[in-house]
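Engineer: Input structure: final.txt, which contains compact mmCIF, C-alpha atoms and all ligand atoms.
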# COMPACT_ATOMS: atom_id res chain seq x y z
CA MET A 1 -31.53 97.05 136.10
CA SER A 2 -29.06 99.28 137.91
CA ALA A 3 -27.77 98.29 141.35
CA PRO A 4 -29.79 99.67 144.26
CA THR A 5 -28.15 102.50 146.13
CA PRO A 6 -27.07 102.12 149.75
CA LEU A 7 -28.95 103.87 152.50
CA VAL A 8 -26.20 104.96 154.82
CA HIS A 9 -22.48 105.39 154.63
CA ILE A 10 -20.48 105.27 157.81
CA PRO A 11 -16.99 106.51 156.98
CA GLY A 12 -14.35 103.89 157.64
CA THR A 13 -16.81 101.05 157.98
CA LEU A 14 -19.00 100.92 154.93
CA PRO A 15 -17.96 101.40 151.33
CA ILE A 16 -19.55 103.81 148.90
CA ARG A 17 -21.24 101.53 146.43
CA THR A 18 -22.03 103.87 143.61
CA GLY A 19 -19.80 104.55 140.63
CA PRO A 20 -17.68 102.33 138.39
CA GLN A 21 -16.00 99.06 139.28
CA HIS A 22 -12.87 99.45 141.37
CA PRO A 23 -9.75 99.33 139.12
CA ARG A 24 -8.30 96.44 141.17
CA CYS A 25 -11.63 94.69 141.74
CA LEU A 26 -11.02 91.40 143.60
CA GLY A 27 -12.19 87.97 142.42
CA LEU A 28 -14.51 86.02 144.73
CA GLY A 29 -15.00 82.26 144.98
CA VAL A 30 -18.02 81.07 146.99
CA VAL A 31 -18.27 77.62 148.61
CA GLY A 32 -21.63 76.31 149.88
CA LEU A 33 -24.36 77.32 147.47
CA HIS A 34 -27.40 77.49 149.67
CA GLU A 35 -26.74 80.60 151.78
CA GLY A 36 -23.79 81.29 149.45
CA ARG A 37 -26.29 82.01 146.63
CA THR A 38 -27.35 85.07 148.57
CA LEU A 39 -23.87 86.54 148.23
CA LEU A 40 -23.78 85.72 144.51
CA ALA A 41 -27.13 87.48 144.08
CA ALA A 42 -25.86 90.48 146.06
CA MET A 43 -22.78 91.04 143.90
CA ASP A 44 -24.62 93.68 141.86
CA ARG A 45 -24.33 95.91 144.95
CA CYS A 46 -20.53 95.68 145.08
CA THR A 47 -17.86 97.53 143.14
CA ALA A 48 -14.61 96.26 144.71
CA ILE A 49 -15.33 92.52 144.49
CA ARG A 50 -16.98 90.33 141.83
CA ALA A 51 -17.82 86.64 141.69
CA VAL A 52 -15.59 84.47 139.48
CA ALA A 53 -16.06 80.94 140.86
CA ALA A 54 -18.42 78.81 142.93
CA CYS A 55 -18.21 75.40 144.57
CA ASP A 56 -20.61 72.85 146.06
CA THR A 57 -20.47 69.08 146.40
CA ASP A 58 -24.17 68.94 145.42
CA GLU A 59 -24.45 68.92 141.61
CA ALA A 60 -28.06 70.16 141.77
CA LYS A 61 -26.90 73.32 143.57
CA ILE A 62 -24.27 73.88 140.87
CA THR A 63 -26.78 73.35 138.08
CA ALA A 64 -29.21 75.85 139.60
CA CYS A 65 -26.50 78.49 140.07
CA ARG A 66 -25.04 77.92 136.61
CA GLN A 67 -28.42 78.68 135.07
CA ARG A 68 -28.63 81.96 136.96
CA TRP A 69 -24.96 83.05 136.76
CA PRO A 70 -23.55 81.29 133.66
CA GLY A 71 -20.26 83.22 133.57
CA LEU A 72 -18.67 81.68 136.68
CA HIS A 73 -16.30 78.72 136.97
CA TYR A 74 -18.14 75.89 138.79
CA THR A 75 -16.60 72.92 140.55
CA ALA A 76 -17.46 70.27 143.14
CA GLY A 77 -13.83 70.31 144.33
CA PHE A 78 -12.86 72.96 146.88
CA SER A 79 -9.14 72.48 146.15
CA GLU A 80 -9.81 73.11 142.45
CA MET A 81 -11.38 76.46 143.32
CA LEU A 82 -8.48 77.29 145.66
CA ALA A 83 -5.99 76.61 142.82
CA ARG A 84 -7.49 79.34 140.62
CA ALA A 85 -5.39 82.48 140.24
CA ASP A 86 -8.47 84.67 139.64
CA VAL A 87 -9.85 83.86 143.12
CA ASP A 88 -8.51 86.42 145.62
CA VAL A 89 -11.16 85.95 148.32
CA VAL A 90 -12.95 82.74 149.30
CA ALA A 91 -16.37 83.06 150.94
CA ILE A 92 -17.45 80.05 153.03
CA TYR A 93 -21.14 79.07 153.54
CA THR A 94 -20.84 75.36 154.31
CA PRO A 95 -22.09 73.61 157.49
CA ASP A 96 -20.51 75.02 160.68
CA ALA A 97 -18.27 72.01 161.37
CA LEU A 98 -16.48 72.44 158.01
CA HIS A 99 -15.54 76.10 158.41
CA ALA A 100 -12.22 75.59 160.23
CA GLU A 101 -10.66 73.15 157.77
CA GLN A 102 -11.84 75.19 154.77
CA ILE A 103 -10.53 78.47 156.22
CA ILE A 104 -7.15 76.87 156.90
CA ALA A 105 -6.99 75.40 153.39
CA ALA A 106 -7.90 78.78 151.87
CA PHE A 107 -5.27 80.62 153.93
CA GLU A 108 -2.65 78.08 152.90
CA ALA A 109 -3.61 78.56 149.25
CA GLY A 110 -2.88 82.29 149.69
CA LYS A 111 -6.52 83.45 149.74
CA HIS A 112 -8.23 85.97 151.96
CA VAL A 113 -11.41 84.62 153.57
CA ILE A 114 -14.94 85.70 154.31
CA CYS A 115 -16.52 83.10 156.61
CA THR A 116 -20.17 83.21 157.54
CA LYS A 117 -21.16 83.03 161.20
CA PRO A 118 -20.37 81.06 163.29
CA LEU A 119 -16.69 81.35 162.38
CA VAL A 120 -15.87 77.99 164.01
CA ASN A 121 -17.61 75.65 166.46
CA SER A 122 -14.76 73.86 168.26
CA VAL A 123 -11.71 74.74 170.35
CA ALA A 124 -9.46 72.74 168.01
CA GLY A 125 -10.92 74.57 165.00
CA ALA A 126 -10.44 77.97 166.64
CA ARG A 127 -6.83 77.20 167.52
CA GLY A 128 -6.07 75.93 164.00
CA VAL A 129 -7.66 78.91 162.25
CA LEU A 130 -5.87 81.40 164.48
CA GLU A 131 -2.51 79.71 163.94
CA ALA A 132 -2.99 79.50 160.16
CA GLY A 133 -4.08 83.13 159.92
CA ARG A 134 -1.08 84.36 161.89
CA ARG A 135 1.32 82.10 159.96
CA THR A 136 0.07 83.00 156.46
CA GLY A 137 -0.79 86.66 157.11
CA ARG A 138 -4.00 86.29 155.13
CA ARG A 139 -7.01 88.42 156.13
CA LEU A 140 -10.38 87.19 157.39
CA GLN A 141 -13.78 88.78 157.77
CA VAL A 142 -16.52 87.09 159.80
CA GLY A 143 -19.81 87.45 157.94
CA GLN A 144 -21.73 88.79 160.95
CA SER A 145 -24.68 89.89 158.86
CA THR A 146 -26.60 91.64 161.64
CA ARG A 147 -23.89 94.25 162.16
CA PHE A 148 -24.33 95.20 158.50
CA PHE A 149 -28.15 95.49 158.50
CA GLU A 150 -29.55 99.00 158.12
CA PRO A 151 -31.01 99.70 161.62
CA PHE A 152 -27.89 98.28 163.27
CA LEU A 153 -25.71 100.60 161.16
CA HIS A 154 -27.74 103.62 162.28
CA GLN A 155 -27.59 102.46 165.89
CA ARG A 156 -23.83 102.03 165.71
CA ALA A 157 -23.28 105.42 164.07
CA ALA A 158 -25.31 107.13 166.83
CA PHE A 159 -23.40 105.19 169.48
CA GLU A 160 -20.09 106.29 167.96
CA ARG A 161 -21.34 109.90 167.91
CA GLY A 162 -21.79 109.50 171.67
CA GLU A 163 -25.56 109.97 171.61
CA PHE A 164 -26.19 107.32 174.29
CA GLY A 165 -23.36 108.34 176.60
CA VAL A 166 -21.68 105.51 178.46
CA LEU A 167 -23.15 102.08 177.72
CA GLU A 168 -24.51 100.48 180.89
CA LEU A 169 -26.51 97.50 179.64
CA ALA A 170 -26.90 95.71 176.30
CA ASP A 171 -29.76 93.28 175.67
CA ALA A 172 -29.66 91.13 172.50
CA HIS A 173 -31.55 88.14 171.21
CA TYR A 174 -31.96 85.90 168.21
CA ILE A 175 -35.12 83.77 168.33
CA HIS A 176 -36.35 81.78 165.34
CA ARG A 177 -38.58 78.77 164.70
CA MET A 178 -36.26 76.20 163.11
CA ASP A 179 -38.26 73.09 162.12
CA TRP A 180 -37.70 73.98 158.45
CA TYR A 181 -33.95 74.22 159.07
CA TYR A 182 -33.66 70.75 160.65
CA THR A 183 -35.52 69.37 157.63
CA LYS A 184 -33.43 71.25 155.05
CA SER A 185 -30.05 70.76 156.79
CA PRO A 186 -29.93 67.69 159.07
CA TRP A 187 -26.38 68.62 160.25
CA VAL A 188 -27.99 71.40 162.33
CA ALA A 189 -29.36 68.94 164.94
CA LYS A 190 -26.22 66.90 165.45
CA GLU A 191 -23.05 68.58 164.19
CA THR A 192 -23.13 71.99 165.83
CA ASP A 193 -24.71 73.69 168.83
CA TRP A 194 -27.16 76.57 168.93
CA ALA A 195 -24.65 78.35 171.21
CA PHE A 196 -22.70 78.84 167.94
CA LEU A 197 -25.22 78.59 165.11
CA GLY A 198 -27.85 80.84 166.71
CA LEU A 199 -26.21 82.80 169.52
CA SER A 200 -23.43 83.97 167.17
CA HIS A 201 -25.75 86.90 166.30
CA PRO A 202 -26.49 88.28 169.80
CA ILE A 203 -23.11 87.33 171.29
CA ASP A 204 -21.30 89.15 168.48
CA LEU A 205 -23.50 92.20 169.08
CA LEU A 206 -22.68 92.15 172.81
CA ARG A 207 -18.96 91.80 172.07
CA TRP A 208 -19.17 94.68 169.54
CA TYR A 209 -20.58 97.08 172.12
CA LEU A 210 -19.23 95.82 175.44
CA GLY A 211 -15.67 95.08 174.32
CA PRO A 212 -13.78 92.13 175.78
CA VAL A 213 -16.00 89.93 177.97
CA ALA A 214 -14.70 88.76 181.37
CA THR A 215 -17.35 86.30 182.64
CA VAL A 216 -20.31 84.36 181.31
CA GLN A 217 -23.17 82.60 183.03
CA ALA A 218 -25.64 80.64 180.91
CA PHE A 219 -28.56 78.26 181.30
CA GLY A 220 -29.97 76.02 178.60
CA SER A 221 -32.87 73.68 177.93
CA GLN A 222 -34.45 71.77 175.06
CA SER A 223 -37.71 72.93 173.55
CA ALA A 224 -40.43 70.48 172.50
CA MET A 225 -39.37 71.04 168.90
CA GLY A 226 -35.71 70.48 169.75
CA ARG A 227 -36.60 67.17 171.38
CA ARG A 228 -38.67 66.18 168.36
CA PHE A 229 -35.68 66.72 166.08
CA GLU A 230 -33.34 65.08 168.63
CA VAL A 231 -31.09 68.11 168.84
CA ALA A 232 -27.76 67.15 170.43
CA GLY A 233 -27.36 70.15 172.76
CA PHE A 234 -29.70 72.88 173.99
CA ASP A 235 -31.89 74.95 171.69
CA VAL A 236 -33.05 77.44 174.33
CA TYR A 237 -30.40 79.62 175.96
CA ILE A 238 -30.31 82.50 178.39
CA VAL A 239 -26.96 84.22 178.97
CA ASN A 240 -25.56 86.95 181.22
CA VAL A 241 -22.16 88.46 180.46
CA VAL A 242 -19.98 90.96 182.30
CA ALA A 243 -17.41 92.88 180.27
CA GLN A 244 -13.91 93.70 181.44
CA SER A 245 -15.15 97.31 181.61
CA GLY A 246 -17.84 96.28 184.12
CA ALA A 247 -20.68 96.91 181.64
CA MET A 248 -23.26 94.13 181.49
CA GLY A 249 -25.17 92.35 178.77
CA ARG A 250 -27.60 89.53 178.27
CA ALA A 251 -28.40 87.34 175.30
CA MET A 252 -31.29 85.02 174.59
CA GLY A 253 -31.88 82.35 171.96
CA HIS A 254 -34.88 80.09 171.35
CA TYR A 255 -34.99 77.90 168.24
CA GLY A 256 -38.23 76.01 168.80
CA VAL A 257 -40.28 79.11 169.42
CA HIS A 258 -43.81 79.96 168.29
CA GLU A 259 -43.04 83.28 166.68
CA LEU A 260 -44.80 86.53 167.51
CA PRO A 261 -42.90 88.83 165.15
CA SER A 262 -44.99 91.96 165.52
CA ALA A 263 -44.22 91.93 169.25
CA ARG A 264 -40.63 90.77 169.06
CA ASN A 265 -38.45 90.63 165.94
CA CYS A 266 -36.18 87.63 165.59
CA ILE A 267 -33.03 89.69 166.17
CA GLU A 268 -33.03 92.77 168.38
CA LEU A 269 -30.41 94.80 170.18
CA MET A 270 -31.39 97.18 172.96
CA LEU A 271 -28.73 99.56 174.28
CA TYR A 272 -29.16 101.39 177.57
CA GLY A 273 -26.64 104.20 177.99
CA SER A 274 -26.16 107.04 180.46
CA GLY A 275 -27.45 109.47 177.80
CA GLY A 276 -30.13 107.52 175.96
CA THR A 277 -31.62 104.23 174.79
CA SER A 278 -31.95 102.60 171.39
CA LEU A 279 -33.35 99.49 169.75
CA ALA A 280 -32.38 97.99 166.37
CA GLN A 281 -34.47 95.25 164.80
CA TYR A 282 -34.03 92.53 162.22
CA HIS A 283 -36.06 91.99 160.12
CA ASP A 284 -38.68 94.72 160.37
CA MET A 285 -35.87 97.23 159.75
CA ARG A 286 -36.93 99.56 162.54
CA TYR A 287 -34.55 101.69 164.57
CA ILE A 288 -36.14 103.23 167.66
CA HIS A 289 -34.25 105.64 169.89
CA THR A 290 -34.40 108.53 172.27
CA ALA A 291 -33.74 111.94 170.75
CA PRO A 292 -30.16 113.05 171.26
CA GLY A 293 -29.77 115.70 173.93
CA PRO A 294 -28.12 116.50 177.26
CA ALA A 295 -27.46 113.30 179.22
CA GLN A 296 -28.76 114.80 182.47
CA ARG A 297 -32.32 115.43 181.24
CA GLU A 298 -35.10 113.35 182.74
CA ALA A 299 -36.94 112.30 179.58
CA SER A 300 -36.72 112.68 175.83
CA THR A 301 -38.80 112.18 172.72
CA GLU A 302 -39.00 108.67 171.32
CA ILE A 303 -38.16 108.47 167.61
CA THR A 304 -39.06 105.55 165.35
CA GLU A 305 -37.27 105.21 162.02
CA ASP A 306 -38.75 102.55 159.77
CA HIS A 307 -36.38 101.68 156.92
CA LEU A 308 -38.34 98.74 155.50
CA TYR A 309 -39.85 100.31 152.42
CA ALA A 310 -36.77 102.40 151.66
CA GLY A 311 -34.46 99.48 152.24
CA ARG A 312 -36.28 96.40 151.04
CA GLN A 313 -34.89 96.53 147.48
CA TYR A 314 -31.31 96.78 148.73
CA TYR A 315 -31.59 94.33 151.64
CA PHE A 316 -34.37 91.98 150.57
CA ASN A 317 -34.37 92.16 146.75
CA SER A 318 -37.84 93.75 147.05
CA GLU A 319 -39.29 90.80 148.91
CA VAL A 320 -40.83 92.30 152.04
CA HIS A 321 -38.85 90.05 154.35
CA GLY A 322 -36.26 88.42 152.14
CA MET A 323 -32.76 87.05 152.41
CA HIS A 324 -29.61 88.83 153.55
CA TYR A 325 -28.62 90.41 150.22
CA GLY A 326 -27.79 93.89 151.50
CA GLU A 327 -25.92 92.78 154.62
CA PHE A 328 -23.81 90.27 152.68
CA ALA A 329 -22.98 92.88 150.03
CA ASN A 330 -22.08 95.39 152.76
CA TYR A 331 -19.58 93.13 154.46
CA ALA A 332 -18.10 91.76 151.21
CA GLU A 333 -17.56 95.27 149.87
CA ALA A 334 -16.17 96.55 153.19
CA PHE A 335 -13.74 93.63 153.32
CA ALA A 336 -12.61 94.06 149.70
CA ARG A 337 -12.00 97.77 150.24
CA SER A 338 -10.11 97.08 153.45
CA ILE A 339 -7.74 94.86 151.44
CA LEU A 340 -7.43 97.23 148.47
CA GLU A 341 -7.39 100.56 150.28
CA GLY A 342 -6.44 99.77 153.86
CA THR A 343 -9.80 100.93 155.26
CA ALA A 344 -11.30 99.44 158.42
CA ALA A 345 -13.36 96.26 158.32
CA GLY A 346 -14.45 93.82 160.92
CA PRO A 347 -15.00 91.64 162.75
CA GLY A 348 -11.67 90.15 161.75
CA LEU A 349 -9.82 87.00 162.74
CA GLU A 350 -8.76 87.85 166.31
CA GLU A 351 -12.13 89.36 167.26
CA GLY A 352 -13.96 86.45 165.65
CA ILE A 353 -11.92 83.97 167.67
CA GLU A 354 -12.55 85.99 170.84
CA THR A 355 -16.28 85.82 170.13
CA PHE A 356 -15.95 82.06 169.64
CA CYS A 357 -14.42 81.90 173.15
CA ILE A 358 -17.49 83.68 174.57
CA MET A 359 -19.84 81.27 172.77
CA GLU A 360 -17.85 78.25 173.98
CA ALA A 361 -17.99 79.66 177.53
CA VAL A 362 -21.78 79.92 177.10
CA ARG A 363 -21.99 76.31 175.93
CA ARG A 364 -19.86 75.07 178.85
CA SER A 365 -21.66 77.18 181.43
CA ALA A 366 -25.10 75.91 180.33
CA GLU A 367 -23.82 72.34 180.19
CA GLN A 368 -22.59 72.73 183.79
CA GLY A 369 -25.87 74.12 185.08
CA GLY A 370 -24.92 77.79 185.07
CA ARG A 371 -21.39 77.74 186.45
CA VAL A 372 -19.85 81.21 186.04
CA ILE A 373 -17.04 80.85 183.52
CA ARG A 374 -14.21 83.27 182.87
CA THR A 375 -13.62 83.60 179.13
CA THR A 376 -9.87 83.26 179.81
CA GLU A 377 -10.62 79.64 180.72
CA VAL A 378 -11.48 79.02 177.05
CA ALA A 379 -9.06 81.54 175.59
CA SER A 380 -6.10 79.87 177.27
CA ASP A 381 -6.89 76.73 175.21
CA VAL A 382 -7.17 78.75 171.99
CA PHE A 383 -4.65 81.62 172.12
CA VAL A 384 -1.62 79.39 172.75
N1 LIG A 401 -27.32 85.44 158.68
C1 LIG A 401 -26.36 84.71 158.16
O1 LIG A 401 -25.29 85.20 157.96
C2 LIG A 401 -26.61 83.26 157.85
C3 LIG A 401 -27.89 82.81 157.50
C4 LIG A 401 -28.05 81.44 157.22
C5 LIG A 401 -26.99 80.57 157.30
N2 LIG A 401 -25.75 81.05 157.67
C6 LIG A 401 -24.61 80.12 157.79
O2 LIG A 401 -24.29 79.56 156.53
C7 LIG A 401 -23.78 78.25 156.70
C8 LIG A 401 -24.54 77.31 155.76
O3 LIG A 401 -25.90 77.32 156.13
P1 LIG A 401 -27.01 76.85 155.09
O4 LIG A 401 -28.32 77.14 155.71
O5 LIG A 401 -26.74 77.42 153.74
O6 LIG A 401 -26.73 75.27 155.08
P2 LIG A 401 -27.16 74.21 153.96
O7 LIG A 401 -27.06 72.88 154.59
O8 LIG A 401 -28.48 74.61 153.36
O9 LIG A 401 -26.08 74.41 152.81
C9 LIG A 401 -24.75 73.99 152.93
C10 LIG A 401 -24.20 73.78 151.53
O10 LIG A 401 -22.83 73.38 151.63
C11 LIG A 401 -22.60 72.31 150.69
N3 LIG A 401 -21.44 71.54 151.14
C12 LIG A 401 -21.38 70.69 152.20
N4 LIG A 401 -20.13 70.18 152.31
C13 LIG A 401 -19.40 70.75 151.32
C14 LIG A 401 -18.03 70.64 150.92
N5 LIG A 401 -17.18 69.85 151.59
N6 LIG A 401 -17.61 71.36 149.86
C15 LIG A 401 -18.47 72.15 149.18
N7 LIG A 401 -19.78 72.28 149.50
C16 LIG A 401 -20.22 71.59 150.56
C17 LIG A 401 -23.91 71.53 150.71
O11 LIG A 401 -24.05 70.72 149.54
C18 LIG A 401 -24.93 72.65 150.77
O12 LIG A 401 -25.29 73.12 149.47
C19 LIG A 401 -23.92 77.91 158.19
O13 LIG A 401 -22.69 78.05 158.83
C20 LIG A 401 -24.91 78.94 158.69
O14 LIG A 401 -24.71 79.32 160.04
C21 LIG A 401 -25.55 82.37 157.91
Kindly return the structure encoded in the file as structure tokens.
Ligand SMILES: NC(=O)c1ccc[n+]([C@@H]2O[C@H](COP(=O)([O-])OP(=O)(O)OC[C@H]3O[C@@H](n4cnc5c(N)ncnc54)[C@H](O)[C@@H]3O)[C@@H](O)[C@H]2O)c1
Structural biologist:
Amino acid sequence: MSAPTPLVHIPGTLPIRTGPQHPRCLGLGVVGLHEGRTLLAAMDRCTAIRAVAACDTDEAKITACRQRWPGLHYTAGFSEMLARADVDVVAIYTPDALHAEQIIAAFEAGKHVICTKPLVNSVAGARGVLEAGRRTGRRLQVGQSTRFFEPFLHQRAAFERGEFGVLELADAHYIHRMDWYYTKSPWVAKETDWAFLGLSHPIDLLRWYLGPVATVQAFGSQSAMGRRFEVAGFDVYIVNVVAQSGAMGRAMGHYGVHELPSARNCIELMLYGSGGTSLAQYHDMRYIHTAPGPAQREASTEITEDHLYAGRQYYFNSEVHGMHYGEFANYAEAFARSILEGTAAGPGLEEGIETFCIMEAVRRSAEQGGRVIRTTEVASDVFV
């Protein structure tokens, strides 16, 4: 079966994924073979990077992957994978609390890194990763999948064409019922915080559009489900941010929610600009926006683009609402091409760490009952 073709190409951001393998195609090693399997399965969409190795401490995960992709080198030892000369890029999909030490080890072994969201979940981890990245000069891409999902690509392209004018307000959320996740991955309740694990989607979207964030005010609570699974922090968050530019944004997360997906998709980004409004959705794949036109007009036509049936093979492997195949392929290919050809890719190390500082400010603000926190308060502990 030939690889599905991409739906959009934004010059400078997304690669062109048709044609033969890149002559200097990079070798990929994946660690963490639950979500990491998605990237392995998405490799047929890439031309500048190909899987060569995979790692997990769980032998059952290795056995399952070996059956599906027999040509890779498998190991339970991360350092063994790092020692391989054919691994140029390491992609990390382990529990949040392990990301920092694995990124640092990969940098020190001379590898470039893709790390899934959240990049890190502690100040010490953020500081260590930043220092190691600057010292080794290795490149990093944060796997912020939502940025690379079809409606969000269309929304961004229209924004960059200036169709919404000046951005005045951005409204993002990620809401998802997570009982299955606590059961599958017990580390979720105790070893991270939803300010990182969940809010990494909407906070990254706000940072992408608003630019550097100046202040954060957040409130948090525990849902009935969160209490049942004895979650360590909050699993319901509401966040207001003000950017250095003065533009405002808000983010919401709820991880014990009773879902109502036809009314509200689990990830959405609404942009209100001086010249128009737009909404991108995950996972229904809809992009809804005002028709481009003069900013001073009073009203405009509402346009709904539904990419689900055109995009489900590429993004969902033909499941109607499947895994993140297309987004993962998009960011892996963009990162590989940025290394090989010097094209743009992001979010990179510095932006990822800045987004961590916003999430940590959210966590602290909610913990302190909504105290307004300047992001520099966190950044001064990280960017030393
Ligand atoms: N949209 C997205 O981009 C997206 C979606 C889901 C999960 N994630 C992220 O992926 C990460 C993993 O989530 P998950 O749901 O796959 O978790 P998981 O608990 O299902 O899987 C983690 C895997 O890592 C392995 N592992 C643990 N310690 C290891 C070590 N020291 N060396 C090698 N392997 C080790 C485990 O055996 C397990 O197979 C999280 O950070 C999560 O936020 C991102």
Engineer: Just how far from atom C5 of ligand LIG 401 (chain A) is atom CA of Leu169 of chain A, in Å to one decimal?
Structural biologist: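 Answer for the atom CA of Leu169 of chain A to atom C5 of ligand LIG 401 (chain A) separation: 28.0 Å.
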Engineer: Point out the residue among A:Gly110, A:Gly137, A:Gly71, A:Gly276 with the least atom-to-atom distance to Ala83 of chain A, counting all atoms listed in the file.
Structural biologist: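 For Ala83 of chain A, the nearest of the given residues is A:Gly110.
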Engineer: Which residue out of A:Val52, A:Leu205, A:Met248, A:Leu119 has the minimum interatomic distance to Ala280 of chain A when all atoms listed in the file are used?
Structural biologist: A:Leu205
Engineer: Rounded to one decimal place, report the atom CA of Gly211 of chain A-atom O14 of ligand LIG 401 (chain A) distance in Å.
Structural biologist: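 For atom CA of Gly211 of chain A relative to atom O14 of ligand LIG 401 (chain A), the distance reads 23.1 Å.
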Engineer: Which is closest to Cys115 of chain A among A:Glu354, A:Pro347, A:Ala48, A:Lys190, if we use only C-alpha atoms?
Structural biologist: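 Result for the nearest residue to Cys115 of chain A: A:Pro347.
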Engineer: What are the nearest atom pairs, with distances in Å to one decimal, for all residues of chain A that come at most 8 Å from ligand LIG 401 (chain A), using all atoms listed in the file, set out by chain and rising residue number as a Markdown table?
Structural biologist:
| residue | atom | partner | partner_atom | distance |
| --- | --- | --- | --- | --- |
| A:Val31 | CA | A:LIG401 | C15 | 5.5 |
| A:Gly32 | CA | A:LIG401 | O10 | 3.6 |
| A:Leu33 | CA | A:LIG401 | O12 | 4.7 |
| A:His34 | CA | A:LIG401 | O5 | 4.1 |
| A:Glu35 | CA | A:LIG401 | O5 | 3.7 |
| A:Gly36 | CA | A:LIG401 | O5 | 6.5 |
| A:Cys55 | CA | A:LIG401 | C15 | 5.6 |
| A:Asp56 | CA | A:LIG401 | N7 | 3.6 |
| A:Thr57 | CA | A:LIG401 | N7 | 4.5 |
| A:Asp58 | CA | A:LIG401 | O11 | 4.5 |
| A:Lys61 | CA | A:LIG401 | O12 | 6.1 |
| A:Ala76 | CA | A:LIG401 | C15 | 6.4 |
| A:Gly77 | CA | A:LIG401 | N6 | 6.8 |
| A:Phe78 | CA | A:LIG401 | N6 | 5.8 |
| A:Ile92 | CA | A:LIG401 | C7 | 7.5 |
| A:Tyr93 | CA | A:LIG401 | C7 | 4.2 |
| A:Thr94 | CA | A:LIG401 | O10 | 3.9 |
| A:Pro95 | CA | A:LIG401 | O13 | 4.7 |
| A:Asp96 | CA | A:LIG401 | O13 | 4.2 |
| A:Ala97 | CA | A:LIG401 | O13 | 7.9 |
| A:Leu98 | CA | A:LIG401 | N5 | 7.0 |
| A:His99 | CA | A:LIG401 | O13 | 7.4 |
| A:Thr116 | CA | A:LIG401 | C6 | 5.4 |
| A:Lys117 | CA | A:LIG401 | O14 | 5.3 |
| A:Pro118 | CA | A:LIG401 | O14 | 5.7 |
| A:Leu119 | CA | A:LIG401 | O13 | 7.7 |
| A:Gly143 | CA | A:LIG401 | O1 | 5.9 |
| A:Gln144 | CA | A:LIG401 | O1 | 5.9 |
| A:Ser145 | CA | A:LIG401 | O1 | 4.8 |
| A:Thr146 | CA | A:LIG401 | N1 | 6.9 |
| A:Tyr181 | CA | A:LIG401 | O4 | 7.2 |
| A:Lys184 | CA | A:LIG401 | O8 | 6.2 |
| A:Ser185 | CA | A:LIG401 | O7 | 4.3 |
| A:Pro186 | CA | A:LIG401 | O7 | 7.4 |
| A:Trp187 | CA | A:LIG401 | O7 | 7.1 |
| A:Val188 | CA | A:LIG401 | O7 | 7.9 |
| A:Leu197 | CA | A:LIG401 | O14 | 5.1 |
| A:Gly198 | CA | A:LIG401 | O14 | 7.5 |
| A:His201 | CA | A:LIG401 | N1 | 7.9 |
| A:His324 | CA | A:LIG401 | N1 | 6.6 |
| A:Phe328 | CA | A:LIG401 | O1 | 7.5 |
Engineer: Can you work out which one of A:Arg45, A:His154, A:His112, A:His22 has the shortest atom-to-atom distance to Ala91 of chain A, counting only C-alpha atoms?
Structural biologist: A:His112
Engineer: For each of A:Tyr255, A:Phe383, A:Tyr272, A:Tyr315, take the minimum atom-to-atom distance to Phe234 of chain A, counting only C-alpha atoms, then give the residue where this is smallest.
Structural biologist: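 Of all the options, A:Tyr255 lies closest to Phe234 of chain A.
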Engineer: Within 10 Å of Ala170 of chain A, counting only C-alpha atoms, which residues qualify if same-chain residues fewer than 3 places away don't, as a CSV table (one decimal) with C-alpha atoms, in the coordinates of the input?
Structural biologist:
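File produced: result_13.csv:
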chain,number,residue,atom,x,y,z
A,167,LEU,CA,-23.2,102.1,177.7
A,202,PRO,CA,-26.5,88.3,169.8
A,205,LEU,CA,-23.5,92.2,169.1
A,206,LEU,CA,-22.7,92.2,172.8
A,207,ARG,CA,-19.0,91.8,172.1
A,209,TYR,CA,-20.6,97.1,172.1
A,210,LEU,CA,-19.2,95.8,175.4
A,241,VAL,CA,-22.2,88.5,180.5
A,247,ALA,CA,-20.7,96.9,181.6
A,248,MET,CA,-23.3,94.1,181.5
A,249,GLY,CA,-25.2,92.4,178.8
A,250,ARG,CA,-27.6,89.5,178.3
A,251,ALA,CA,-28.4,87.3,175.3
A,269,LEU,CA,-30.4,94.8,170.2
A,270,MET,CA,-31.4,97.2,173.0
A,271,LEU,CA,-28.7,99.6,174.3
A,272,TYR,CA,-29.2,101.4,177.6
A,273,GLY,CA,-26.6,104.2,178.0
A,277,THR,CA,-31.6,104.2,174.8
A,278,SER,CA,-32.0,102.6,171.4
A,279,LEU,CA,-33.4,99.5,169.8
Engineer: Using the file's own x, y and z axes, so that the box edges lie along x, y and z, what centre and edge lengths in Å (one decimal) does a box around every listed atom of segment 103-108 of chain A get when 5 Å is added on each side? Give it as JSON.
Structural biologist:
{"center_x": -6.6, "center_y": 78.0, "center_z": 154.4, "size_x": 17.9, "size_y": 15.2, "size_z": 15.0}
Engineer: Can you tell me which residues surround segment 288-295 of chain A at a distance of at most 9 Å, considering only C-alpha atoms, apart from same-chain residues fewer than 3 positions away, and format the answer as a PyMOL selection string?
Structural biologist: chain A and resi 151+155+158+163-165+274-281+298-306
Engineer: List the neighbours of Leu349 of chain A out to 7 Å using all atoms listed in the file; skip same-chain residues closer than 3 positions along the sequence, and give me the result as a count of residues only.
Structural biologist: 4
Engineer: Name the closest residue to Val384 of chain A among the candidates A:Gln102, A:Ala366, A:Ala345, A:Leu130; distances are taken between atoms, counting all atoms listed in the file.
Structural biologist: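 Using all atoms listed in the file, Val384 of chain A sits closest to A:Leu130.
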